[in-house]
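Shown below: start_8.txt, with compact mmCIF, C-alpha atoms.
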```txt
# COMPACT_ATOMS: atom_id res chain seq x y z
CA MET A 1 -50.14 24.03 -12.13
CA PRO A 2 -51.80 20.97 -10.52
CA SER A 3 -55.37 21.51 -9.35
CA PHE A 4 -54.33 21.04 -5.72
CA ALA A 5 -52.02 24.06 -5.81
CA ILE A 6 -52.52 26.60 -3.03
CA PRO A 7 -54.35 29.51 -4.66
CA VAL A 8 -52.85 32.97 -4.42
CA ALA A 9 -55.31 35.83 -4.21
CA ARG A 10 -54.73 38.94 -6.27
CA PRO A 11 -52.65 41.30 -4.11
CA THR A 12 -54.80 43.87 -2.33
CA VAL A 13 -53.42 46.45 0.05
CA HIS A 14 -55.41 47.54 3.07
CA LEU A 15 -54.51 50.93 4.50
CA GLN A 16 -56.02 52.48 7.63
CA THR A 17 -55.99 56.27 7.53
CA ALA A 18 -56.43 59.04 10.09
CA ALA A 19 -56.26 62.78 9.49
CA HIS A 20 -54.26 64.99 11.85
CA GLY A 21 -54.76 68.50 10.51
CA PRO A 22 -52.79 68.72 7.26
CA LEU A 23 -51.25 65.29 7.78
CA LEU A 24 -52.76 62.00 6.71
CA VAL A 25 -51.45 59.10 8.76
CA VAL A 26 -51.51 55.87 6.76
CA ARG A 27 -51.12 52.53 8.49
CA PRO A 28 -50.69 49.43 6.31
CA ALA A 29 -52.77 46.61 7.77
CA HIS A 30 -50.18 44.00 6.82
CA ASP A 31 -47.44 42.49 8.92
CA ARG A 32 -45.40 41.79 5.78
CA LEU A 33 -44.81 44.21 2.93
CA ASN A 34 -43.14 42.31 0.13
CA ALA A 35 -42.73 42.03 -3.62
CA HIS A 36 -46.18 40.45 -3.93
CA LEU A 37 -47.82 43.56 -2.44
CA ALA A 38 -45.31 46.24 -3.48
CA GLY A 39 -47.01 47.33 -6.69
CA ALA A 40 -50.43 47.65 -5.06
CA PHE A 41 -48.84 49.41 -2.06
CA ARG A 42 -47.13 51.98 -4.30
CA THR A 43 -50.35 52.57 -6.26
CA ALA A 44 -52.44 52.97 -3.10
CA LEU A 45 -50.05 55.56 -1.63
CA LEU A 46 -49.78 57.47 -4.91
CA ASP A 47 -53.59 57.46 -5.21
CA LEU A 48 -53.80 59.10 -1.78
CA PHE A 49 -51.22 61.68 -2.81
CA GLU A 50 -53.01 62.41 -6.08
CA SER A 51 -56.34 62.77 -4.32
CA GLY A 52 -54.97 65.77 -2.44
CA HIS A 53 -53.24 64.22 0.58
CA GLU A 54 -49.86 65.74 -0.08
CA ARG A 55 -48.56 65.40 3.49
CA LEU A 56 -48.38 61.70 4.23
CA VAL A 57 -47.13 59.88 7.32
CA VAL A 58 -46.70 56.13 6.90
CA ASP A 59 -47.06 54.35 10.23
CA LEU A 60 -45.11 51.09 9.93
CA SER A 61 -45.76 49.94 13.49
CA GLY A 62 -47.65 46.85 12.29
CA VAL A 63 -45.06 45.83 9.72
CA ALA A 64 -42.69 43.19 11.04
CA PHE A 65 -41.01 42.46 7.70
CA MET A 66 -40.35 44.45 4.55
CA ASP A 67 -38.34 43.53 1.46
CA SER A 68 -36.57 45.75 -1.05
CA SER A 69 -39.56 45.82 -3.42
CA ALA A 70 -41.74 47.41 -0.75
CA LEU A 71 -38.87 49.75 0.08
CA GLY A 72 -38.82 50.67 -3.61
CA ALA A 73 -42.51 51.55 -3.40
CA LEU A 74 -41.76 53.94 -0.54
CA VAL A 75 -38.86 55.46 -2.50
CA ALA A 76 -41.15 56.05 -5.49
CA VAL A 77 -43.72 57.86 -3.34
CA HIS A 78 -40.98 59.83 -1.58
CA LYS A 79 -39.63 60.98 -4.97
CA ARG A 80 -43.10 62.08 -6.06
CA CYS A 81 -43.66 64.00 -2.81
CA VAL A 82 -40.30 65.75 -3.07
CA ALA A 83 -40.91 66.62 -6.73
CA GLU A 84 -44.28 68.21 -5.89
CA ASN A 85 -43.32 69.89 -2.61
CA GLY A 86 -45.30 67.41 -0.54
CA LEU A 87 -44.26 65.78 2.71
CA PHE A 88 -43.55 62.10 3.24
CA LEU A 89 -42.68 60.83 6.70
CA LEU A 90 -42.17 57.32 8.05
CA CYS A 91 -42.53 56.24 11.65
CA ASP A 92 -42.34 53.34 14.06
CA LEU A 93 -40.01 50.99 12.18
CA SER A 94 -39.54 47.50 13.63
CA PRO A 95 -35.93 46.36 14.13
CA ALA A 96 -36.06 44.24 10.95
CA VAL A 97 -37.49 47.09 8.89
CA ALA A 98 -35.02 49.60 10.35
CA SER A 99 -32.22 47.20 9.42
CA LEU A 100 -33.41 47.15 5.80
CA PHE A 101 -33.29 50.96 5.69
CA ASP A 102 -29.80 50.95 7.22
CA LEU A 103 -28.45 48.28 4.86
CA THR A 104 -29.67 50.21 1.80
CA ARG A 105 -28.61 53.56 3.32
CA MET A 106 -32.18 54.76 2.94
CA SER A 107 -32.41 55.65 6.62
CA SER A 108 -30.68 58.93 5.82
CA VAL A 109 -32.91 59.61 2.80
CA PHE A 110 -36.29 59.43 4.56
CA ARG A 111 -37.52 61.47 7.49
CA ILE A 112 -38.12 58.75 10.08
CA TYR A 113 -39.78 59.31 13.47
CA PRO A 114 -39.96 56.90 16.39
CA THR A 115 -43.76 57.18 16.67
CA VAL A 116 -46.76 58.75 14.94
CA THR A 117 -47.09 61.06 17.93
CA ASP A 118 -43.58 62.39 17.31
CA ALA A 119 -44.26 63.01 13.62
CA VAL A 120 -47.58 64.72 14.30
CA ALA A 121 -46.09 66.83 17.10
CA THR A 122 -43.41 68.05 14.67
CA TYR A 123 -45.57 68.86 11.65
CA ALA A 124 -49.10 69.33 13.05
CA PRO A 125 -48.67 70.25 16.71
CA ASN A 126 -52.20 71.65 16.96
CA HIS A 127 -53.77 68.44 15.65
CA PRO A 128 -52.68 65.62 17.97
CA MET B 1 -31.26 13.77 10.28
CA ARG B 2 -32.56 14.87 6.91
CA ALA B 3 -32.53 18.46 5.70
CA THR B 4 -35.86 20.25 5.29
CA ALA B 5 -36.98 20.57 1.68
CA LEU B 6 -39.67 22.77 0.21
CA SER B 7 -40.82 23.42 -3.33
CA ILE B 8 -42.94 26.44 -4.20
CA PRO B 9 -44.52 27.61 -7.46
CA ALA B 10 -42.50 30.41 -9.04
CA HIS B 11 -44.92 33.15 -8.03
CA LEU B 12 -44.21 36.04 -5.66
CA GLY B 13 -47.32 35.17 -3.66
CA TYR B 14 -45.60 32.07 -2.29
CA VAL B 15 -42.42 33.75 -1.08
CA SER B 16 -43.85 34.52 2.35
CA LEU B 17 -44.63 30.80 2.77
CA ALA B 18 -40.97 29.93 2.16
CA ALA B 19 -39.84 32.81 4.38
CA SER B 20 -41.89 31.52 7.27
CA VAL B 21 -40.27 28.08 6.92
CA VAL B 22 -36.78 29.64 6.92
CA ARG B 23 -37.69 31.75 9.96
CA SER B 24 -39.02 28.70 11.80
CA ALA B 25 -35.93 26.66 10.91
CA ALA B 26 -33.68 29.45 12.24
CA GLN B 27 -35.66 29.51 15.46
CA LEU B 28 -35.44 25.71 15.80
CA MET B 29 -31.67 26.12 15.51
CA ASN B 30 -31.72 28.78 18.23
CA LEU B 31 -30.25 31.42 15.95
CA SER B 32 -30.48 34.92 17.36
CA ASP B 33 -33.23 37.30 16.26
CA ALA B 34 -30.66 39.34 14.34
CA VAL B 35 -29.37 36.33 12.39
CA THR B 36 -32.92 35.07 11.83
CA ASN B 37 -33.96 38.46 10.43
CA ARG B 38 -30.89 38.55 8.16
CA ALA B 39 -31.57 35.03 6.89
CA GLU B 40 -35.20 35.79 6.19
CA LEU B 41 -34.39 38.98 4.27
CA SER B 42 -31.63 37.28 2.26
CA VAL B 43 -33.80 34.33 1.26
CA VAL B 44 -36.74 36.58 0.37
CA GLU B 45 -34.54 38.79 -1.82
CA ALA B 46 -33.04 35.72 -3.49
CA LEU B 47 -36.45 34.17 -4.13
CA ASP B 48 -37.85 37.46 -5.46
CA ASN B 49 -34.99 37.60 -7.96
CA VAL B 50 -35.20 33.95 -8.96
CA ILE B 51 -38.97 34.08 -9.44
CA GLU B 52 -38.97 37.33 -11.38
CA HIS B 53 -35.83 36.96 -13.47
CA ALA B 54 -35.12 33.23 -13.80
CA CYS B 55 -38.69 31.93 -13.81
CA GLY B 56 -40.61 34.89 -15.25
CA ASN B 57 -43.13 34.80 -12.38
CA ASP B 58 -44.57 31.65 -13.96
CA PRO B 59 -46.33 29.53 -11.31
CA SER B 60 -46.18 26.44 -13.50
CA ARG B 61 -42.45 26.40 -12.73
CA ALA B 62 -41.01 25.52 -9.35
CA VAL B 63 -38.31 26.85 -7.07
CA SER B 64 -36.91 24.50 -4.46
CA LEU B 65 -35.31 25.25 -1.11
CA VAL B 66 -33.29 22.90 1.06
CA ILE B 67 -32.68 24.15 4.58
CA GLY B 68 -30.15 22.43 6.76
CA ALA B 69 -27.71 22.82 9.59
CA LEU B 70 -23.95 23.10 9.25
CA PRO B 71 -21.66 23.24 12.29
CA GLY B 72 -22.46 26.64 13.78
CA ALA B 73 -24.52 27.78 10.82
CA MET B 74 -27.73 27.44 8.83
CA GLN B 75 -27.57 26.77 5.11
CA VAL B 76 -30.30 27.44 2.56
CA VAL B 77 -29.90 26.15 -0.98
CA ILE B 78 -32.22 27.60 -3.61
CA ARG B 79 -32.56 25.84 -6.98
CA ASP B 80 -34.38 26.67 -10.18
CA ASP B 81 -34.21 25.54 -13.81
CA GLY B 82 -34.34 29.01 -15.36
CA PRO B 83 -31.65 30.53 -17.58
CA ALA B 84 -28.20 30.98 -16.09
CA PHE B 85 -27.80 33.96 -13.79
CA ASP B 86 -26.02 36.80 -15.57
CA MET B 87 -23.65 38.35 -13.03
CA VAL B 88 -22.62 41.18 -15.34
CA ALA B 89 -26.19 42.23 -16.14
CA ALA B 90 -27.17 41.94 -12.48
CA GLY B 91 -24.23 44.12 -11.48
CA LYS B 92 -25.27 46.79 -13.97
CA ALA B 93 -28.88 46.68 -12.75
CA ALA B 94 -27.88 46.96 -9.09
CA ALA B 95 -29.07 50.11 -7.36
CA ARG B 96 -26.56 52.75 -6.49
CA THR B 97 -27.49 53.61 -2.91
CA ASP B 98 -25.52 56.78 -2.61
CA THR B 99 -27.32 59.00 -0.15
CA ALA B 100 -25.87 62.05 -1.87
CA LEU B 101 -28.13 61.29 -4.81
CA ARG B 102 -30.91 63.82 -5.31
CA ALA B 103 -34.42 62.55 -4.65
CA ALA B 104 -35.25 62.52 -8.35
CA THR B 105 -32.43 60.10 -9.09
CA LEU B 106 -32.86 57.76 -6.14
CA PRO B 107 -33.20 54.14 -7.26
CA ASP B 108 -36.51 52.44 -6.45
CA SER B 109 -35.37 48.96 -7.48
CA GLY B 110 -32.21 46.91 -7.83
CA PHE B 111 -31.40 46.58 -4.11
CA GLY B 112 -31.73 42.78 -3.99
CA LEU B 113 -28.26 41.59 -4.89
CA ALA B 114 -26.53 44.04 -2.55
CA LEU B 115 -28.88 43.03 0.26
CA ILE B 116 -28.11 39.34 -0.26
CA ASN B 117 -24.40 40.12 -0.03
CA GLU B 118 -24.87 42.33 3.04
CA THR B 119 -27.02 39.86 4.96
CA THR B 120 -25.36 36.54 4.09
CA ASP B 121 -22.10 35.25 5.52
CA ILE B 122 -21.39 33.06 2.49
CA ALA B 123 -23.26 33.29 -0.82
CA ARG B 124 -22.23 31.00 -3.67
CA TYR B 125 -23.86 30.68 -7.08
CA GLU B 126 -23.34 27.65 -9.30
CA ARG B 127 -24.76 26.53 -12.62
CA THR B 128 -24.88 22.75 -12.76
CA GLY B 129 -26.69 20.49 -15.18
CA GLY B 130 -29.20 23.08 -16.31
CA TRP B 131 -29.93 24.21 -12.76
CA ASN B 132 -29.15 27.45 -10.97
CA GLU B 133 -28.08 26.76 -7.41
CA LEU B 134 -27.64 29.52 -4.87
CA ARG B 135 -26.12 28.47 -1.56
CA LEU B 136 -26.62 30.87 1.36
CA VAL B 137 -24.92 30.33 4.71
CA PHE B 138 -25.68 32.21 7.92
CA PHE B 139 -23.33 31.82 10.88
CA ALA B 140 -24.92 31.47 14.29
CA SER B 141 -22.57 34.08 15.73
```

Write-out of the structure in structure tokens:
Amino acid sequence: MPSFAIPVARPTVHLQTAAHGPLLVVRPAHDRLNAHLAGAFRTALLDLFESGHERLVVDLSGVAFMDSSALGALVAVHKRCVAENGLFLLCDLSPAVASLFDLTRMSSVFRIYPTVTDAVATYAPNHP
Amino acid sequence: MRATALSIPAHLGYVSLAASVVRSAAQLMNLSDAVTNRAELSVVEALDNVIEHACGNDPSRAVSLVIGALPGAMQVVIRDDGPAFDMVAAGKAAARTDTALRAATLPDSGFGLALINETTDIARYERTGGWNELRLVFFAS
């Protein structure tokens, strides 16, 4: 690659977390979740699950765009949660992200809530 | 007026750069948000596949995009010099998105080709002179 190429940093995922009783709400601090980040995203979510946070809510309100690789990361975590009797919820999908879930028919696989408040009210009503 | 051309290294880190150019081009052409979103997703899925499978995620190789207007449509042509695209192998690798599947058997990859077909009005692949050329057309309405 020529020396004037635009450098690409190693993919690092930044997740903001907030506990609501038994739920851990995880908010990716990225407006795009794509193939470049998907592996790190999957690992970060699985690390949270393995560290004892077995009831995860992923708040996608800040994600304007997602590709199928990032969707695959969510599917992998969902499968792990189901296999180990955990809970994996998604909320606040942008129109573009919701469209991805519809096109892949994954909108009927995941439990998807309009907002974090709705998810928390359903599964941790005493911990708003 | 000339078409807009862009060449990126074959590395997944550059796909968002190309996607932003496609999105901006769609907005310049006054395409609706829905069509713009479809075009962006289609091009990203195509580039992900080209970079991973045709170019081996090797940033010393290049993938080129030419974005232009057709009457009532936007066209994006993606070219690379990787091995020819294997339709049969790609079909076999495609995810089966049957919601009746149990969680344990849900696919977590292989959605790309189906998404390109779902989001693109015309998708044509050609192998010419050692190049793969994927032509994607998105109608304005």

Give me, as JSON, numbers by chain, all polymer residues having an atom no more than 12 Å from Ala35 in chain A, counting only C-alpha atoms and skipping those fewer than 4 positions away in the same chain. {"A": [11, 39, 40, 41, 42, 65, 66, 67, 68, 69, 70, 71, 72, 73], "B": [11, 12, 13, 14, 15, 16, 41, 44, 45, 46, 47, 48, 49, 51, 52, 57, 109, 112]}

Nearest to His53 in chain A: which of A:His20, A:Arg10, A:Arg111, A:Arg105 is it, counting all atoms listed in the file?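 Using all atoms listed in the file, His53 in chain A sits closest to A:His20.
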
Contacts of Ala84 in chain B at 12 Å (only C-alpha atoms; same-chain gap of 2+ positions) as a PyMOL selection string: chain B and resi 50+53-55+79-82+86-90+125-134

Within 10 Å of chain A: residues of chain B, using all atoms listed in the file, as a count of residues only: 48

Selected residue, from A:Ala98, A:Cys91, A:Leu48, A:Ala121, that lies nearest to Leu60 in chain A when counting all atoms listed in the file: A:Cys91

Once N, CA and C atoms are restored for range 67-90 of chain B, what would the output be as a compact mmCIF listing (two decimals), in the frame of the given file?
```
# COMPACT_ATOMS: atom_id res chain seq x y z
N ILE B 67 -33.17 23.43 3.39
CA ILE B 67 -32.68 24.15 4.58
C ILE B 67 -32.04 23.13 5.50
N GLY B 68 -30.82 23.39 5.90
CA GLY B 68 -30.15 22.43 6.76
C GLY B 68 -29.18 23.10 7.70
N ALA B 69 -28.67 22.31 8.61
CA ALA B 69 -27.71 22.82 9.59
C ALA B 69 -26.29 22.41 9.20
N LEU B 70 -25.38 23.37 9.33
CA LEU B 70 -23.95 23.10 9.25
C LEU B 70 -23.40 23.35 10.64
N PRO B 71 -22.19 22.92 10.96
CA PRO B 71 -21.66 23.24 12.29
C PRO B 71 -21.64 24.76 12.50
N GLY B 72 -22.44 25.22 13.44
CA GLY B 72 -22.46 26.64 13.78
C GLY B 72 -23.12 27.53 12.74
N ALA B 73 -23.93 26.96 11.88
CA ALA B 73 -24.52 27.78 10.82
C ALA B 73 -25.79 27.13 10.26
N MET B 74 -26.59 27.95 9.59
CA MET B 74 -27.73 27.44 8.83
C MET B 74 -27.43 27.65 7.35
N GLN B 75 -27.78 26.66 6.55
CA GLN B 75 -27.57 26.77 5.11
C GLN B 75 -28.91 26.65 4.38
N VAL B 76 -29.11 27.52 3.41
CA VAL B 76 -30.30 27.44 2.56
C VAL B 76 -29.83 27.36 1.12
N VAL B 77 -30.26 26.31 0.43
CA VAL B 77 -29.90 26.15 -0.98
C VAL B 77 -31.16 26.36 -1.82
N ILE B 78 -31.08 27.27 -2.76
CA ILE B 78 -32.22 27.60 -3.61
C ILE B 78 -31.90 27.15 -5.03
N ARG B 79 -32.80 26.36 -5.64
CA ARG B 79 -32.56 25.84 -6.98
C ARG B 79 -33.71 26.19 -7.91
N ASP B 80 -33.36 26.49 -9.15
CA ASP B 80 -34.38 26.67 -10.18
C ASP B 80 -33.81 26.23 -11.51
N ASP B 81 -34.69 26.02 -12.50
CA ASP B 81 -34.21 25.54 -13.81
C ASP B 81 -34.33 26.64 -14.86
N GLY B 82 -34.29 27.90 -14.42
CA GLY B 82 -34.34 29.01 -15.36
C GLY B 82 -33.01 29.21 -16.05
N PRO B 83 -32.92 30.23 -16.91
CA PRO B 83 -31.65 30.53 -17.58
C PRO B 83 -30.57 30.87 -16.58
N ALA B 84 -29.33 30.71 -17.00
CA ALA B 84 -28.20 30.98 -16.09
C ALA B 84 -28.23 32.44 -15.63
N PHE B 85 -27.85 32.63 -14.38
CA PHE B 85 -27.80 33.96 -13.79
C PHE B 85 -26.68 34.76 -14.45
N ASP B 86 -27.00 35.96 -14.89
CA ASP B 86 -26.02 36.80 -15.57
C ASP B 86 -25.46 37.81 -14.58
N MET B 87 -24.27 37.49 -14.07
CA MET B 87 -23.65 38.35 -13.03
C MET B 87 -23.40 39.77 -13.54
N VAL B 88 -22.97 39.86 -14.79
CA VAL B 88 -22.62 41.18 -15.34
C VAL B 88 -23.87 42.05 -15.45
N ALA B 89 -24.94 41.46 -16.00
CA ALA B 89 -26.19 42.23 -16.14
C ALA B 89 -26.74 42.60 -14.78
N ALA B 90 -26.65 41.67 -13.83
CA ALA B 90 -27.17 41.94 -12.48
C ALA B 90 -26.38 43.07 -11.82
```
